[in-house]
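What follows is a single structure, written as structure tokens, with notes after it.
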Amino acid sequence: MGKKILSLAVAAVCLCGAVAIPAFVPDDGTPTAVAETPQGQEAIFLQSVTLTKPNGNDYVFTYHFDKEVSKTAASLDGKKSFFTVGGKALTEISGATLSYSDNKNEITATVPASSGAVKEGETTRVTVLGGFISETDRVTTVRYIYDFNNPGQGERIYRSDNMDDYEEVTVTSISVPSGESQNGCIYIYFSDVVTPKKYQDLQWTKTWLRSAYGEGTKLSLYSDSVLDLLYNYQVFDPYWENSLSHLLLFGCEDYNGLKAFPTNTGGIDMTPKMTVDGVELFSVRQFQESVAENGTKYIDKAGQTQSFNGQQCFAVQVHFDQNWIQFILKGDSSNDTQLSKVLDADGKEIPGVTSFHENLRPESFKQKMAIGVRKGLLMPNGKMVKQDFIFTYDYMKKQWSIAGEAKGETREDETLSNQEGYTDAELAQIEKNKA
């Protein structure tokens with residue numbers, strides 16, 4: 001595909017090194033997201049961790065995997081750095097041991113009580129890092145986190161509160177806004193691939209996605225395990241404050257919907273999340289809110305009143321694929337051709353209104369716009385945005401720039417962000433295959 005010409009700030013966003021956490025996989029071992037690692041090794045999945053205290057001197061952690069990890073019971077001293085207790089690797093805990101068990105699906109770690117690494121009555125965090133390769137040449141593909149307050153079964157923690165647990169991904173560019181049917185479409189490109197496969201409509205709740213796209217539905221885009229996993233990691237769903245519903249922002253000067261129906265019916269705060277260059281930015285969660293019509297009535301050409309049952313629902317769509325997010329603003333109603341006039345709450349005609357206002361797409365893209373991607377946004381493949389990226393749009397130049405920075409010179413973006421994740425060699429091969 002051709003390169004896009006975009007304006008970026010002269011001070012380019014730098015990439016920082018971090019711990020790599022590969023794509024999410026179900027705990028039960030089903031190969032929904034990852035069948036094998038890039039190195040060709042089969043993945044293993046940690047299903048549970050149990051803490052016992054068989055005597056007064058030691059704590060014993062038992063790690064149970066979905067497949068065999070050993071051929072015989074043996075020491076694992078050379079792998080202790082992949083297992084942590086209380087924030088310390090087993091290599092840092094005096095007297096700690098790690099070994100395969102008689103049960104070939106299990107590994108056991110023994111931690112002396114005298115080490116102080118385990119504190120009963122307080123939370124002790126235990127982790128198994130991604131990249132641990134077992135004696136059976138199988139590998140862990142994510143960082144597993146379990147919390148213990150007392151002996152027994154550990155509580156699986158999906159979303160880590162430590163950003164260093166995730167590899168960083170940054171926003172590299174934003175596409176020039178374009179129309180798709182009556183909708184408006186913007187692409188947000190990232191410095192690396194952000195999803196193991198295409199995910200559609202992640203702006204909705206898990207319940208809605210399961211009913212619309214889940215197992216047994218006509219489209220059947222999502223398995224139950226994948227939906228549960230993305231939900232548990234707080235990638236999506238308005239319930240989680242760290243999800244894209246709250247951390248993906250958009251703003252423009254002209255909102256048909258927000259101007260026509262400024263009060264919401266769902267009880268959420270509709271205050272803009274920020275104002276940049278005079279443009280108010282709202283979250284995806286706010287865009288999905290139902291709002292009162294304030295008595296506005298729409299009269300179609302047959303003279304009939306269309307009231308939409310007293311409320312409207314703003315609408316955006318968020319799709320993930322390769323190294324980009326496709327952000328779509330719902331366009332004007334297809335029923336607009338049937339509109340005759342609009343009446344206010346007093347029954348007086350409102351002049352100049354020609355839409356049912358079921359939309360968020362601006363009347364025109366010839367206006368100021370802004371996009372925000374906030375830090376903490378976790379991608380479907382486990383990479384995280386670790387700093388805020390706020391861009392503003394100059395519609396005269398059709399260019400996006402980093403907010404608050406001096407406008408840089410227009411240059412050609414040579415990153416993979418505008419090559420849909422393909423390298424130059426791969427693109428050349430694709431073109432050759434087309435010939």
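Ligands are numbered from 1 in the order shown, chains are lettered A, B, ... in the order of the structure tokens, and residues start at 1 in each chain.
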Problem - Spatial neighbours of Asp137 (chain A), 9 Å, only C-alpha atoms, chain gap at least 6 places, as an MDAnalysis selection string - result: chainID A and resid 41:42 69:70
Practice task
Might you pull out every residue within 9 Å of Leu51 (chain A), with only C-alpha atoms counted and same-chain residues fewer than 6 positions away left off, and present them as a list in words?
Solution key: Tyr59, Val60, Phe61, Thr62, Phe148, Asn150, Pro151, Gly152, Gln153 and Gly154 of chain A
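Nearest to Ser245 (chain A) of all the residues A:Asp277, A:Glu289, A:Glu215, A:Asp224 is A:Glu289, counting only C-alpha atoms.
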Problem - Backbone DSSP call of strand (DSSP E or B) for region 101-251 of chain A, listed as a PyMOL selection string - result: chain A and resi 106-112+124-128+133+138-140+144-148+152-153+155-156+168+171-174+178-180+183-190+199+248-251
Limited to N, CA and C atoms, could you put the picked residues into a file as a CSV table (one decimal), in the first residue's frame?
```csv
chain,number,residue,atom,x,y,z
A,106,GLU,N,3.4,-30.5,37.1
A,106,GLU,CA,3.6,-29.6,38.2
A,106,GLU,C,5.0,-29.3,38.4
A,107,ILE,N,5.2,-28.1,39.0
A,107,ILE,CA,6.5,-27.6,39.5
A,107,ILE,C,6.3,-27.1,40.9
A,108,THR,N,7.2,-27.4,41.8
A,108,THR,CA,7.1,-26.9,43.2
A,108,THR,C,8.3,-26.0,43.6
A,109,ALA,N,7.9,-25.0,44.4
A,109,ALA,CA,8.9,-24.1,44.9
A,109,ALA,C,8.8,-24.1,46.4
A,110,THR,N,10.0,-24.2,47.1
A,110,THR,CA,10.0,-24.2,48.5
A,110,THR,C,10.7,-22.9,49.0
A,111,VAL,N,10.0,-22.2,49.9
A,111,VAL,CA,10.5,-20.9,50.4
A,111,VAL,C,10.6,-21.0,51.9
A,112,PRO,N,11.8,-20.8,52.5
A,112,PRO,CA,11.9,-20.9,53.9
A,112,PRO,C,11.1,-19.7,54.6
A,124,THR,N,0.7,-11.7,49.5
A,124,THR,CA,2.0,-12.1,48.9
A,124,THR,C,1.7,-12.4,47.4
A,125,ARG,N,2.4,-11.6,46.5
A,125,ARG,CA,2.3,-11.8,45.1
A,125,ARG,C,3.3,-12.8,44.5
A,126,VAL,N,2.8,-13.7,43.7
A,126,VAL,CA,3.7,-14.7,43.1
A,126,VAL,C,3.5,-14.6,41.6
A,127,THR,N,4.6,-14.7,40.9
A,127,THR,CA,4.6,-14.6,39.4
A,127,THR,C,5.4,-15.7,38.8
A,128,VAL,N,4.9,-16.0,37.6
A,128,VAL,CA,5.7,-16.9,36.7
A,128,VAL,C,5.9,-16.1,35.4
A,133,ILE,N,11.0,-22.0,29.7
A,133,ILE,CA,11.0,-23.2,28.9
A,133,ILE,C,11.2,-24.4,29.7
A,138,ARG,N,8.4,-26.9,26.2
A,138,ARG,CA,7.2,-26.0,26.1
A,138,ARG,C,7.5,-24.7,26.9
A,139,VAL,N,6.8,-23.7,26.5
A,139,VAL,CA,7.1,-22.3,27.0
A,139,VAL,C,5.9,-21.6,27.5
A,140,THR,N,6.1,-20.8,28.6
A,140,THR,CA,5.0,-19.9,29.0
A,140,THR,C,5.0,-18.7,28.2
A,144,TYR,N,2.2,-14.7,34.5
A,144,TYR,CA,1.1,-15.1,35.3
A,144,TYR,C,1.3,-14.5,36.7
A,145,ILE,N,0.2,-13.9,37.3
A,145,ILE,CA,0.3,-13.3,38.6
A,145,ILE,C,-0.8,-13.9,39.5
A,146,TYR,N,-0.4,-14.3,40.7
A,146,TYR,CA,-1.3,-14.8,41.7
A,146,TYR,C,-1.1,-14.1,43.0
A,147,ASP,N,-2.1,-13.8,43.7
A,147,ASP,CA,-2.0,-13.2,45.1
A,147,ASP,C,-2.5,-14.2,46.1
A,148,PHE,N,-1.7,-14.3,47.2
A,148,PHE,CA,-2.1,-15.1,48.4
A,148,PHE,C,-2.2,-14.3,49.6
A,152,GLY,N,-3.5,-21.9,50.6
A,152,GLY,CA,-4.6,-22.3,49.8
A,152,GLY,C,-4.4,-22.0,48.4
A,153,GLN,N,-5.5,-21.8,47.7
A,153,GLN,CA,-5.5,-21.6,46.2
A,153,GLN,C,-5.2,-20.1,46.0
A,155,GLU,N,-5.2,-16.4,44.0
A,155,GLU,CA,-6.2,-15.6,43.2
A,155,GLU,C,-5.4,-15.1,42.0
A,156,ARG,N,-5.9,-15.5,40.8
A,156,ARG,CA,-5.3,-15.1,39.5
A,156,ARG,C,-5.6,-13.6,39.3
A,168,GLU,N,6.0,-1.8,25.7
A,168,GLU,CA,5.4,-0.6,25.3
A,168,GLU,C,5.1,-0.5,23.8
A,171,VAL,N,1.9,5.5,19.7
A,171,VAL,CA,1.1,6.0,18.6
A,171,VAL,C,2.1,6.7,17.6
A,172,THR,N,2.1,6.3,16.4
A,172,THR,CA,3.0,6.9,15.4
A,172,THR,C,2.4,7.8,14.5
A,173,SER,N,1.1,7.7,14.2
A,173,SER,CA,0.4,8.6,13.2
A,173,SER,C,-1.1,8.3,13.2
A,174,ILE,N,-1.8,9.3,12.7
A,174,ILE,CA,-3.3,9.3,12.6
A,174,ILE,C,-3.6,9.5,11.1
A,178,SER,N,-11.8,10.3,6.8
A,178,SER,CA,-12.5,10.0,5.6
A,178,SER,C,-13.9,9.5,5.8
A,179,GLY,N,-14.7,9.5,4.8
A,179,GLY,CA,-16.0,9.0,4.9
A,179,GLY,C,-16.2,7.6,4.4
A,180,GLU,N,-16.9,6.7,5.2
A,180,GLU,CA,-17.2,5.4,4.7
A,180,GLU,C,-18.7,5.3,4.8
A,183,ASN,N,-20.7,7.2,7.4
A,183,ASN,CA,-19.9,7.2,8.6
A,183,ASN,C,-18.6,7.9,8.4
A,184,GLY,N,-18.0,8.3,9.5
A,184,GLY,CA,-16.7,8.9,9.4
A,184,GLY,C,-15.6,8.0,9.9
A,185,CYS,N,-14.5,7.9,9.3
A,185,CYS,CA,-13.5,6.9,9.7
A,185,CYS,C,-12.1,7.5,9.9
A,186,ILE,N,-11.5,7.1,11.0
A,186,ILE,CA,-10.1,7.6,11.3
A,186,ILE,C,-9.3,6.3,11.8
A,187,TYR,N,-8.1,6.2,11.3
A,187,TYR,CA,-7.2,5.1,11.7
A,187,TYR,C,-6.1,5.7,12.7
A,188,ILE,N,-5.9,5.0,13.8
A,188,ILE,CA,-4.8,5.3,14.7
A,188,ILE,C,-3.8,4.2,14.6
A,189,TYR,N,-2.6,4.6,14.1
A,189,TYR,CA,-1.5,3.7,13.9
A,189,TYR,C,-0.5,3.6,15.0
A,190,PHE,N,0.0,2.4,15.3
A,190,PHE,CA,0.9,2.2,16.4
A,190,PHE,C,2.3,1.7,15.9
A,199,TYR,N,-10.3,-7.8,15.8
A,199,TYR,CA,-11.4,-7.8,16.8
A,199,TYR,C,-12.3,-6.6,16.4
A,248,LEU,N,-9.7,6.0,25.3
A,248,LEU,CA,-9.7,6.4,23.9
A,248,LEU,C,-10.7,7.6,23.8
A,249,LEU,N,-10.1,8.7,23.3
A,249,LEU,CA,-10.9,10.0,23.3
A,249,LEU,C,-11.0,10.6,21.9
A,250,PHE,N,-12.0,11.3,21.7
A,250,PHE,CA,-12.2,12.1,20.4
A,250,PHE,C,-12.9,13.4,20.7
A,251,GLY,N,-12.6,14.4,19.9
A,251,GLY,CA,-13.2,15.7,20.0
A,251,GLY,C,-13.3,16.4,18.7
```
Handout entry: Which residue of A:Glu92, A:Thr84, A:Asn105, A:Asp388 approaches Lys67 (chain A) most closely, using only C-alpha atoms
Key =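 For Lys67 (chain A), the nearest of the candidates is A:Asn105.
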Practice task
Find the residues around Ala117 (chain A) up to 9 Å (only C-alpha atoms counted), leave out those fewer than 2 positions away in its own chain, and share them as a PyMOL selection string.
Solution key: chain A and resi 85-88+93+111-115+119+124
Handout entry: Selected residue, from A:Gln203, A:Thr72, A:Asn162, A:Ser94, that lies nearest to His319 (chain A) when counting only C-alpha atoms
Key =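 Nearest candidate to His319 (chain A) out of A:Gln203, A:Thr72, A:Asn162, A:Ser94: A:Gln203.
Remark: for Gln326 (chain A), the closest of the candidate residues A:Leu76, A:Ile44, A:Leu339, A:Leu202 is A:Leu202 (distances computed over only C-alpha atoms).
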